[in-house]
Amino acid sequence: MYVGDMMGNGNMAQILAIAKNGKYYPFLNKEDLETKLPFLKKDFLSYGKMTGKTVEEIFGKYLDSSALLKVYSLASMVLINDGKGHFAPSMLPATAQWSPLFAFAPYDFNGDGKLDFIAGGNFFGTAPFEGRYDAMPLEMYLGDGKGSFKNILPLPSPMDILSGEVRSIQPIHLANGKKALLVGFNNAPLKLLQY
């Protein structure tokens, strides 16, 4: 992603790019790019003029005031603390890659003395051509105590929530001694899931 004041007006613009054969190409289409960078309407009158061009070919000198930020992995993963100030990355199973994750609640859910966790996510604020990221609002992963986790599908009731954008998960103990999850959603009421 290129980030900078490309118009010289004090507003930061971002150009999301994808790498192909060592070169960067814009992710967004011409209309979406023009909303933030209107000079493109003059420089590229048609799609054909922009097709196949790299970010550098399209934006040229406008990138001079920009920083290039690189992402090396978009995978959902956990970082395992070795207790000595070091963290080892461990990629989560394929099911954790189906939609973005925003909330984690570590807890020993199955009582085997090994840390498990519930993850929550989904994201509906996408451009129409992308579609919503709504594969799983809640996911449960059982840990083996060695840094690996196994997804439990289907989720046991009442955790089998079918829709929503989860943004917070908190394990709690109720006054009656039972366990529950308090789940916070984006623009929706909290849900209390007793188990």
# chains A, B, ... in the order shown; residues from 1 in each chain; ligands from 1

call {"tool": "residues_around", "arguments": {"residues": "A:Ala135", "least_positions_apart": "5", "cutoff": "10 Å", "atoms": "only C-alpha atoms", "output": "PyMOL selection string"}}
result
chain A and resi 95-100+121-123+162-163

call {"tool": "write_last_selection", "arguments": {"atoms": "N, CA, C and O atoms", "output": "tab-separated table (two decimals), in the first residue's frame"}}
result
chain	number	residue	atom	x	y	z
A	95	THR	N	-9.91	-23.07	8.39
A	95	THR	CA	-11.20	-22.46	8.72
A	95	THR	C	-11.04	-21.05	9.29
A	95	THR	O	-11.92	-20.22	9.14
A	96	ALA	N	-9.90	-20.77	9.92
A	96	ALA	CA	-9.65	-19.43	10.46
A	96	ALA	C	-9.30	-18.43	9.38
A	96	ALA	O	-9.23	-17.24	9.64
A	97	GLN	N	-9.07	-18.90	8.18
A	97	GLN	CA	-8.72	-18.02	7.06
A	97	GLN	C	-9.95	-17.66	6.23
A	97	GLN	O	-9.86	-16.88	5.29
A	98	TRP	N	-11.10	-18.21	6.54
A	98	TRP	CA	-12.31	-18.01	5.73
A	98	TRP	C	-12.87	-16.61	5.83
A	98	TRP	O	-13.52	-16.13	4.92
A	99	SER	N	-12.68	-15.95	6.96
A	99	SER	CA	-13.15	-14.57	7.13
A	99	SER	C	-12.24	-13.88	8.13
A	99	SER	O	-11.55	-14.54	8.90
A	100	PRO	N	-12.23	-12.53	8.13
A	100	PRO	CA	-11.35	-11.82	9.07
A	100	PRO	C	-11.76	-12.07	10.53
A	100	PRO	O	-12.95	-12.15	10.82
A	121	GLY	N	-15.46	-12.92	14.19
A	121	GLY	CA	-15.13	-11.98	13.15
A	121	GLY	C	-16.27	-11.72	12.19
A	121	GLY	O	-17.41	-11.58	12.59
A	122	ASN	N	-15.93	-11.67	10.92
A	122	ASN	CA	-16.77	-11.28	9.78
A	122	ASN	C	-16.62	-9.78	9.54
A	122	ASN	O	-16.31	-9.01	10.46
A	123	PHE	N	-16.84	-9.38	8.31
A	123	PHE	CA	-16.76	-7.97	7.93
A	123	PHE	C	-17.70	-7.73	6.76
A	123	PHE	O	-17.57	-8.36	5.72
A	162	LEU	N	-25.33	-17.72	13.54
A	162	LEU	CA	-25.27	-17.83	12.09
A	162	LEU	C	-24.89	-16.55	11.37
A	162	LEU	O	-24.52	-16.60	10.21
A	163	SER	N	-25.00	-15.40	12.02
A	163	SER	CA	-24.67	-14.17	11.30
A	163	SER	C	-24.20	-13.10	12.28
A	163	SER	O	-24.37	-13.21	13.48

call {"tool": "residues_around", "arguments": {"residues": "stretch 138-146 of chain A", "least_positions_apart": "3", "cutoff": "10 Å", "atoms": "only C-alpha atoms", "output": "tab-separated table (two decimals) with N, CA, C and O atoms, in the first residue's frame"}}
result
chain	number	residue	atom	x	y	z
A	80	ILE	N	2.85	-17.66	20.01
A	80	ILE	CA	3.04	-18.45	21.24
A	80	ILE	C	4.23	-17.88	22.00
A	80	ILE	O	5.35	-17.83	21.49
A	92	LEU	N	-3.13	-20.53	12.06
A	92	LEU	CA	-4.34	-21.24	12.46
A	92	LEU	C	-4.84	-22.10	11.30
A	92	LEU	O	-4.47	-21.88	10.14
A	93	PRO	N	-5.69	-23.08	11.60
A	93	PRO	CA	-6.21	-23.95	10.54
A	93	PRO	C	-6.94	-23.17	9.45
A	93	PRO	O	-7.31	-22.00	9.62
A	95	THR	N	-9.91	-23.07	8.39
A	95	THR	CA	-11.20	-22.46	8.72
A	95	THR	C	-11.04	-21.05	9.29
A	95	THR	O	-11.92	-20.22	9.14
A	96	ALA	N	-9.90	-20.77	9.92
A	96	ALA	CA	-9.65	-19.43	10.46
A	96	ALA	C	-9.30	-18.43	9.38
A	96	ALA	O	-9.23	-17.24	9.64
A	101	LEU	N	-10.78	-12.18	11.39
A	101	LEU	CA	-11.03	-12.37	12.82
A	101	LEU	C	-10.71	-11.08	13.55
A	101	LEU	O	-9.67	-10.47	13.32
A	103	ALA	N	-11.85	-10.76	17.20
A	103	ALA	CA	-11.93	-10.95	18.65
A	103	ALA	C	-11.47	-12.36	19.02
A	103	ALA	O	-11.73	-13.32	18.29
A	104	PHE	N	-10.75	-12.46	20.14
A	104	PHE	CA	-10.26	-13.73	20.64
A	104	PHE	C	-10.55	-13.82	22.13
A	104	PHE	O	-10.39	-12.84	22.85
A	105	ALA	N	-10.93	-15.00	22.58
A	105	ALA	CA	-11.14	-15.23	24.01
A	105	ALA	C	-10.44	-16.53	24.39
A	105	ALA	O	-10.96	-17.62	24.13
A	106	PRO	N	-9.23	-16.44	24.96
A	106	PRO	CA	-8.54	-17.67	25.40
A	106	PRO	C	-9.16	-18.21	26.69
A	106	PRO	O	-9.50	-17.45	27.60
A	107	TYR	N	-9.31	-19.51	26.74
A	107	TYR	CA	-9.90	-20.16	27.91
A	107	TYR	C	-9.78	-21.66	27.71
A	107	TYR	O	-9.70	-22.13	26.56
A	108	ASP	N	-9.77	-22.43	28.76
A	108	ASP	CA	-9.78	-23.89	28.64
A	108	ASP	C	-11.24	-24.34	28.57
A	108	ASP	O	-11.85	-24.70	29.56
A	109	PHE	N	-11.79	-24.33	27.36
A	109	PHE	CA	-13.22	-24.59	27.18
A	109	PHE	C	-13.59	-26.06	27.39
A	109	PHE	O	-14.70	-26.35	27.81
A	110	ASN	N	-12.69	-26.99	27.12
A	110	ASN	CA	-13.04	-28.40	27.29
A	110	ASN	C	-12.48	-29.01	28.58
A	110	ASN	O	-12.62	-30.21	28.82
A	112	ASP	N	-9.44	-29.68	29.68
A	112	ASP	CA	-8.32	-30.64	29.64
A	112	ASP	C	-7.00	-30.04	30.12
A	112	ASP	O	-5.96	-30.67	30.01
A	113	GLY	N	-7.04	-28.81	30.64
A	113	GLY	CA	-5.83	-28.17	31.14
A	113	GLY	C	-5.00	-27.50	30.06
A	113	GLY	O	-3.93	-26.97	30.35
A	114	LYS	N	-5.46	-27.52	28.82
A	114	LYS	CA	-4.74	-26.89	27.71
A	114	LYS	C	-5.56	-25.71	27.20
A	114	LYS	O	-6.78	-25.78	27.11
A	115	LEU	N	-4.86	-24.64	26.88
A	115	LEU	CA	-5.53	-23.42	26.46
A	115	LEU	C	-6.21	-23.58	25.11
A	115	LEU	O	-5.61	-24.05	24.15
A	116	ASP	N	-7.47	-23.21	25.05
A	116	ASP	CA	-8.26	-23.19	23.83
A	116	ASP	C	-8.62	-21.74	23.57
A	116	ASP	O	-8.26	-20.85	24.34
A	117	PHE	N	-9.36	-21.47	22.51
A	117	PHE	CA	-9.89	-20.13	22.33
A	117	PHE	C	-11.09	-20.12	21.40
A	117	PHE	O	-11.29	-21.02	20.60
A	118	ILE	N	-11.89	-19.09	21.59
A	118	ILE	CA	-13.01	-18.78	20.70
A	118	ILE	C	-12.56	-17.56	19.92
A	118	ILE	O	-11.99	-16.62	20.49
A	119	ALA	N	-12.80	-17.56	18.63
A	119	ALA	CA	-12.49	-16.41	17.78
A	119	ALA	C	-13.77	-15.94	17.13
A	119	ALA	O	-14.69	-16.72	16.87
A	120	GLY	N	-13.83	-14.64	16.88
A	120	GLY	CA	-15.01	-14.08	16.22
A	120	GLY	C	-14.62	-13.06	15.18
A	120	GLY	O	-13.57	-12.43	15.28
A	121	GLY	N	-15.46	-12.92	14.19
A	121	GLY	CA	-15.13	-11.98	13.15
A	121	GLY	C	-16.27	-11.72	12.19
A	121	GLY	O	-17.41	-11.58	12.59
A	122	ASN	N	-15.93	-11.67	10.92
A	122	ASN	CA	-16.77	-11.28	9.78
A	122	ASN	C	-16.62	-9.78	9.54
A	122	ASN	O	-16.31	-9.01	10.46
A	135	ALA	N	-18.10	-15.78	6.57
A	135	ALA	CA	-18.04	-17.24	6.66
A	135	ALA	C	-18.38	-17.76	8.06
A	135	ALA	O	-19.05	-18.77	8.19
A	149	PHE	N	-3.81	-25.88	17.11
A	149	PHE	CA	-5.21	-25.77	17.45
A	149	PHE	C	-6.05	-26.46	16.40
A	149	PHE	O	-5.74	-26.42	15.22
A	150	LYS	N	-7.13	-27.12	16.84
A	150	LYS	CA	-8.04	-27.81	15.94
A	150	LYS	C	-9.41	-27.14	16.02
A	150	LYS	O	-9.95	-26.95	17.10
A	151	ASN	N	-9.95	-26.83	14.86
A	151	ASN	CA	-11.27	-26.20	14.79
A	151	ASN	C	-12.36	-27.23	15.06
A	151	ASN	O	-12.27	-28.36	14.60
A	152	ILE	N	-13.38	-26.81	15.80
A	152	ILE	CA	-14.52	-27.67	16.09
A	152	ILE	C	-15.68	-27.23	15.20
A	152	ILE	O	-16.16	-26.09	15.30
A	153	LEU	N	-16.08	-28.10	14.30
A	153	LEU	CA	-17.22	-27.84	13.41
A	153	LEU	C	-18.16	-29.03	13.44
A	153	LEU	O	-17.68	-30.16	13.40
A	154	PRO	N	-19.44	-28.85	13.49
A	154	PRO	CA	-20.11	-27.57	13.71
A	154	PRO	C	-19.97	-27.15	15.17
A	154	PRO	O	-19.70	-27.97	16.04
A	155	LEU	N	-20.15	-25.87	15.40
A	155	LEU	CA	-20.06	-25.35	16.76
A	155	LEU	C	-21.21	-25.89	17.60
A	155	LEU	O	-22.34	-26.00	17.12
A	156	PRO	N	-20.92	-26.22	18.87
A	156	PRO	CA	-22.02	-26.66	19.74
A	156	PRO	C	-22.96	-25.50	20.06
A	156	PRO	O	-22.55	-24.35	20.11
A	159	MET	N	-23.35	-21.68	20.71
A	159	MET	CA	-22.33	-20.87	20.03
A	159	MET	C	-22.50	-20.86	18.52
A	159	MET	O	-21.76	-20.19	17.82
A	160	ASP	N	-23.47	-21.58	18.01
A	160	ASP	CA	-23.65	-21.69	16.57
A	160	ASP	C	-24.42	-20.49	15.99
A	160	ASP	O	-25.41	-20.64	15.30
A	161	ILE	N	-23.91	-19.31	16.30
A	161	ILE	CA	-24.49	-18.07	15.78
A	161	ILE	C	-24.29	-18.06	14.27
A	161	ILE	O	-23.21	-18.35	13.77
A	162	LEU	N	-25.33	-17.72	13.54
A	162	LEU	CA	-25.27	-17.83	12.09
A	162	LEU	C	-24.89	-16.55	11.37
A	162	LEU	O	-24.52	-16.60	10.21
A	163	SER	N	-25.00	-15.40	12.02
A	163	SER	CA	-24.67	-14.17	11.30
A	163	SER	C	-24.20	-13.10	12.28
A	163	SER	O	-24.37	-13.21	13.48
A	164	GLY	N	-23.63	-12.04	11.73
A	164	GLY	CA	-23.19	-10.90	12.51
A	164	GLY	C	-21.70	-10.67	12.39
A	164	GLY	O	-20.94	-11.51	11.92
A	165	GLU	N	-21.30	-9.46	12.81
A	165	GLU	CA	-19.90	-9.06	12.82
A	165	GLU	C	-19.43	-9.01	14.28
A	165	GLU	O	-19.68	-8.05	14.98
A	166	VAL	N	-18.76	-10.05	14.73
A	166	VAL	CA	-18.30	-10.14	16.11
A	166	VAL	C	-17.08	-9.24	16.30
A	166	VAL	O	-16.14	-9.27	15.52
A	169	ILE	N	-15.37	-10.75	22.52
A	169	ILE	CA	-15.82	-11.98	23.18
A	169	ILE	C	-15.20	-12.00	24.57
A	169	ILE	O	-13.99	-11.83	24.72
A	183	VAL	N	-20.86	-11.81	23.97
A	183	VAL	CA	-20.37	-11.56	22.61
A	183	VAL	C	-20.89	-10.21	22.14
A	183	VAL	O	-22.10	-9.96	22.13

call {"tool": "residues_around", "arguments": {"residues": "stretch 172-177 of chain A", "least_positions_apart": "2", "cutoff": "10 Å", "atoms": "only C-alpha atoms", "output": "ChimeraX atom specification"}}
result
/A:169-170,179-182,192-194

call {"tool": "write_last_selection", "arguments": {"atoms": "N, CA and C atoms", "output": "PDB file, in the first residue's frame"}}
result
ATOM      1  N   ILE A 169     -15.370 -10.745  22.525  1.00  0.00           N
ATOM      2  CA  ILE A 169     -15.817 -11.980  23.182  1.00  0.00           C
ATOM      3  C   ILE A 169     -15.204 -12.000  24.569  1.00  0.00           C
ATOM      4  N   GLN A 170     -16.039 -12.208  25.570  1.00  0.00           N
ATOM      5  CA  GLN A 170     -15.533 -12.256  26.934  1.00  0.00           C
ATOM      6  C   GLN A 170     -16.132 -13.454  27.668  1.00  0.00           C
ATOM      7  N   LYS A 179     -21.055 -21.203  33.186  1.00  0.00           N
ATOM      8  CA  LYS A 179     -20.163 -20.412  32.347  1.00  0.00           C
ATOM      9  C   LYS A 179     -20.946 -19.827  31.179  1.00  0.00           C
ATOM     10  N   ALA A 180     -20.441 -18.697  30.677  1.00  0.00           N
ATOM     11  CA  ALA A 180     -21.108 -18.051  29.549  1.00  0.00           C
ATOM     12  C   ALA A 180     -20.093 -17.224  28.775  1.00  0.00           C
ATOM     13  N   LEU A 181     -20.476 -16.852  27.584  1.00  0.00           N
ATOM     14  CA  LEU A 181     -19.713 -15.922  26.753  1.00  0.00           C
ATOM     15  C   LEU A 181     -20.570 -14.693  26.529  1.00  0.00           C
ATOM     16  N   LEU A 182     -19.976 -13.536  26.705  1.00  0.00           N
ATOM     17  CA  LEU A 182     -20.620 -12.285  26.351  1.00  0.00           C
ATOM     18  C   LEU A 182     -20.015 -11.873  25.015  1.00  0.00           C
ATOM     19  N   LEU A 192     -25.603 -13.080  25.148  1.00  0.00           N
ATOM     20  CA  LEU A 192     -25.091 -13.880  26.250  1.00  0.00           C
ATOM     21  C   LEU A 192     -25.303 -15.328  25.881  1.00  0.00           C
ATOM     22  N   LEU A 193     -24.220 -16.070  25.754  1.00  0.00           N
ATOM     23  CA  LEU A 193     -24.297 -17.487  25.369  1.00  0.00           C
ATOM     24  C   LEU A 193     -23.879 -18.330  26.554  1.00  0.00           C
ATOM     25  N   GLN A 194     -24.835 -19.007  27.163  1.00  0.00           N
ATOM     26  CA  GLN A 194     -24.557 -19.834  28.331  1.00  0.00           C
ATOM     27  C   GLN A 194     -24.243 -21.248  27.885  1.00  0.00           C
TER      28      GLN A 194
END

call {"tool": "residues_around", "arguments": {"residues": "A:Ile15", "least_positions_apart": "4", "cutoff": "10 Å", "atoms": "only C-alpha atoms", "output": "list in words"}}
result
Met1, Tyr2, Val3, Gly4, Tyr25, Pro26, Phe27, Leu28, Leu33, Lys36, Leu37, Val55, Phe59, Leu63, Ser66 and Leu68 of chain A

call {"tool": "atom_distance", "arguments": {"atom1": "atom CA of A:Thr54", "atom2": "atom CA of A:Lys23"}}
result
6.7 Å

call {"tool": "atom_distance", "arguments": {"atom1": "atom CA of A:Gly83", "atom2": "atom CA of A:Ser148"}}
result
17.2 Å

call {"tool": "residues_around", "arguments": {"residues": "A:Met91", "least_positions_apart": "5", "cutoff": "8 Å", "atoms": "only C-alpha atoms", "output": "PyMOL selection string"}}
result
chain A and resi 75-78

call {"tool": "residues_around", "arguments": {"residues": "A:Glu34", "least_positions_apart": "4", "cutoff": "12 Å", "atoms": "only C-alpha atoms", "output": "list in words"}}
result
Met7, Ala13, Gln14, Ile15, Leu28, Asn29, Lys30, Pro38, Phe39, Leu40, Lys41, Lys42, Asp43, Phe44, Leu45, Ser46, Tyr47, Met50, Ile58 and Phe59 of chain A

call {"tool": "select_by_dssp", "arguments": {"residues": "stretch 10-69 of chain A", "states": "strand (DSSP E)", "output": "NGL selection string"}}
result
:A and (13-15 or 17-20 or 23-26 or 66-68)

call {"tool": "write_last_selection", "arguments": {"atoms": "all heavy atoms", "output": "compact mmCIF listing (two decimals), in the first residue's frame"}}
result
# COMPACT_ATOMS: atom_id res chain seq x y z
N ALA A 13 -3.82 9.84 1.11
CA ALA A 13 -4.47 8.90 0.20
C ALA A 13 -3.75 7.56 0.30
O ALA A 13 -2.56 7.51 0.62
CB ALA A 13 -4.42 9.42 -1.23
N GLN A 14 -4.49 6.50 0.06
CA GLN A 14 -3.92 5.16 0.07
C GLN A 14 -4.19 4.50 -1.27
O GLN A 14 -5.29 4.59 -1.80
CB GLN A 14 -4.54 4.29 1.17
CG GLN A 14 -4.42 4.85 2.55
CD GLN A 14 -5.62 5.70 2.92
OE1 GLN A 14 -6.69 5.53 2.40
NE2 GLN A 14 -5.42 6.62 3.83
N ILE A 15 -3.18 3.84 -1.78
CA ILE A 15 -3.33 3.05 -3.01
C ILE A 15 -2.98 1.62 -2.65
O ILE A 15 -1.81 1.28 -2.44
CB ILE A 15 -2.41 3.57 -4.13
CG1 ILE A 15 -2.69 5.02 -4.45
CG2 ILE A 15 -2.57 2.69 -5.38
CD1 ILE A 15 -1.64 5.67 -5.33
N ALA A 17 -2.25 -2.04 -3.51
CA ALA A 17 -1.67 -2.66 -4.70
C ALA A 17 -1.44 -4.14 -4.47
O ALA A 17 -1.25 -4.59 -3.33
CB ALA A 17 -0.36 -1.97 -5.06
N ILE A 18 -1.46 -4.89 -5.56
CA ILE A 18 -1.14 -6.31 -5.49
C ILE A 18 0.13 -6.56 -6.30
O ILE A 18 0.36 -5.91 -7.32
CB ILE A 18 -2.30 -7.19 -5.99
CG1 ILE A 18 -2.75 -6.78 -7.38
CG2 ILE A 18 -3.47 -7.13 -5.03
CD1 ILE A 18 -3.81 -7.68 -7.98
N ALA A 19 0.94 -7.47 -5.82
CA ALA A 19 2.21 -7.77 -6.48
C ALA A 19 2.01 -8.87 -7.52
O ALA A 19 1.32 -9.86 -7.26
CB ALA A 19 3.25 -8.20 -5.46
N LYS A 20 2.63 -8.67 -8.67
CA LYS A 20 2.62 -9.69 -9.71
C LYS A 20 3.92 -9.58 -10.49
O LYS A 20 4.23 -8.52 -11.02
CB LYS A 20 1.42 -9.49 -10.63
CG LYS A 20 1.26 -10.59 -11.65
CD LYS A 20 -0.03 -10.43 -12.43
CE LYS A 20 -0.17 -11.57 -13.41
NZ LYS A 20 -1.37 -11.45 -14.22
N LYS A 23 6.17 -6.58 -9.70
CA LYS A 23 5.65 -5.23 -9.92
C LYS A 23 4.32 -5.08 -9.20
O LYS A 23 3.64 -6.07 -8.92
CB LYS A 23 5.45 -4.97 -11.43
CG LYS A 23 6.74 -5.01 -12.21
CD LYS A 23 6.49 -4.75 -13.68
CE LYS A 23 7.81 -4.81 -14.45
NZ LYS A 23 7.61 -4.54 -15.86
N TYR A 24 3.97 -3.83 -8.89
CA TYR A 24 2.73 -3.56 -8.17
C TYR A 24 1.68 -2.96 -9.10
O TYR A 24 1.96 -2.04 -9.86
CB TYR A 24 2.99 -2.60 -7.00
CG TYR A 24 3.81 -3.22 -5.90
CD1 TYR A 24 5.13 -2.83 -5.70
CD2 TYR A 24 3.26 -4.18 -5.07
CE1 TYR A 24 5.89 -3.41 -4.70
CE2 TYR A 24 4.02 -4.76 -4.06
CZ TYR A 24 5.32 -4.37 -3.88
OH TYR A 24 6.06 -4.94 -2.88
N TYR A 25 0.45 -3.51 -8.98
CA TYR A 25 -0.68 -3.06 -9.78
C TYR A 25 -1.81 -2.64 -8.84
O TYR A 25 -2.00 -3.25 -7.78
CB TYR A 25 -1.17 -4.18 -10.71
CG TYR A 25 -0.15 -4.58 -11.73
CD1 TYR A 25 0.83 -5.54 -11.42
CD2 TYR A 25 -0.11 -3.98 -12.98
CE1 TYR A 25 1.80 -5.89 -12.35
CE2 TYR A 25 0.86 -4.34 -13.92
CZ TYR A 25 1.80 -5.29 -13.59
OH TYR A 25 2.76 -5.63 -14.51
N PRO A 26 -2.58 -1.59 -9.19
CA PRO A 26 -3.66 -1.15 -8.31
C PRO A 26 -4.71 -2.24 -8.10
O PRO A 26 -5.06 -2.96 -9.03
CB PRO A 26 -4.29 0.04 -9.05
CG PRO A 26 -3.37 0.39 -10.14
CD PRO A 26 -2.50 -0.79 -10.41
N SER A 66 5.07 9.58 -0.97
CA SER A 66 4.37 8.44 -0.36
C SER A 66 5.32 7.44 0.25
O SER A 66 6.46 7.29 -0.19
CB SER A 66 3.52 7.72 -1.42
OG SER A 66 2.60 8.60 -1.98
N ALA A 67 4.80 6.73 1.24
CA ALA A 67 5.54 5.61 1.84
C ALA A 67 4.95 4.32 1.29
O ALA A 67 3.74 4.23 1.04
CB ALA A 67 5.39 5.65 3.35
N LEU A 68 5.79 3.33 1.08
CA LEU A 68 5.34 2.02 0.64
C LEU A 68 5.31 1.10 1.85
O LEU A 68 6.34 0.86 2.48
CB LEU A 68 6.26 1.45 -0.44
CG LEU A 68 5.95 0.03 -0.92
CD1 LEU A 68 4.55 -0.05 -1.53
CD2 LEU A 68 7.00 -0.42 -1.92

call {"tool": "atom_distance", "arguments": {"atom1": "atom CA of A:Leu74", "atom2": "atom CA of A:Met12"}}
result
23.4 Å

call {"tool": "select_by_dssp", "arguments": {"residues": "stretch 91-145 of chain A", "states": "helix (DSSP H, G or I)", "output": "PyMOL selection string"}}
result
chain A and resi 94-97

call {"tool": "write_last_selection", "arguments": {"atoms": "all heavy atoms", "output": "PDB file, in the first residue's frame"}}
result
ATOM      1  N   ALA A  94      -7.186 -23.841   8.334  1.00  0.00           N
ATOM      2  CA  ALA A  94      -7.803 -23.215   7.151  1.00  0.00           C
ATOM      3  C   ALA A  94      -9.125 -22.525   7.476  1.00  0.00           C
ATOM      4  O   ALA A  94      -9.428 -21.476   6.910  1.00  0.00           O
ATOM      5  CB  ALA A  94      -8.000 -24.256   6.054  1.00  0.00           C
ATOM      6  N   THR A  95      -9.906 -23.075   8.393  1.00  0.00           N
ATOM      7  CA  THR A  95     -11.197 -22.458   8.721  1.00  0.00           C
ATOM      8  C   THR A  95     -11.036 -21.053   9.285  1.00  0.00           C
ATOM      9  O   THR A  95     -11.923 -20.223   9.143  1.00  0.00           O
ATOM     10  CB  THR A  95     -11.978 -23.328   9.726  1.00  0.00           C
ATOM     11  OG1 THR A  95     -11.136 -23.602  10.846  1.00  0.00           O
ATOM     12  CG2 THR A  95     -12.443 -24.622   9.086  1.00  0.00           C
ATOM     13  N   ALA A  96      -9.905 -20.771   9.919  1.00  0.00           N
ATOM     14  CA  ALA A  96      -9.652 -19.434  10.464  1.00  0.00           C
ATOM     15  C   ALA A  96      -9.298 -18.432   9.380  1.00  0.00           C
ATOM     16  O   ALA A  96      -9.230 -17.236   9.637  1.00  0.00           O
ATOM     17  CB  ALA A  96      -8.537 -19.485  11.498  1.00  0.00           C
ATOM     18  N   GLN A  97      -9.074 -18.905   8.178  1.00  0.00           N
ATOM     19  CA  GLN A  97      -8.721 -18.017   7.064  1.00  0.00           C
ATOM     20  C   GLN A  97      -9.951 -17.659   6.228  1.00  0.00           C
ATOM     21  O   GLN A  97      -9.863 -16.875   5.294  1.00  0.00           O
ATOM     22  CB  GLN A  97      -7.664 -18.670   6.173  1.00  0.00           C
ATOM     23  CG  GLN A  97      -6.502 -19.326   6.894  1.00  0.00           C
ATOM     24  CD  GLN A  97      -5.781 -18.447   7.898  1.00  0.00           C
ATOM     25  OE1 GLN A  97      -5.662 -17.241   7.712  1.00  0.00           O
ATOM     26  NE2 GLN A  97      -5.300 -19.039   8.983  1.00  0.00           N
TER      27      GLN A  97
END
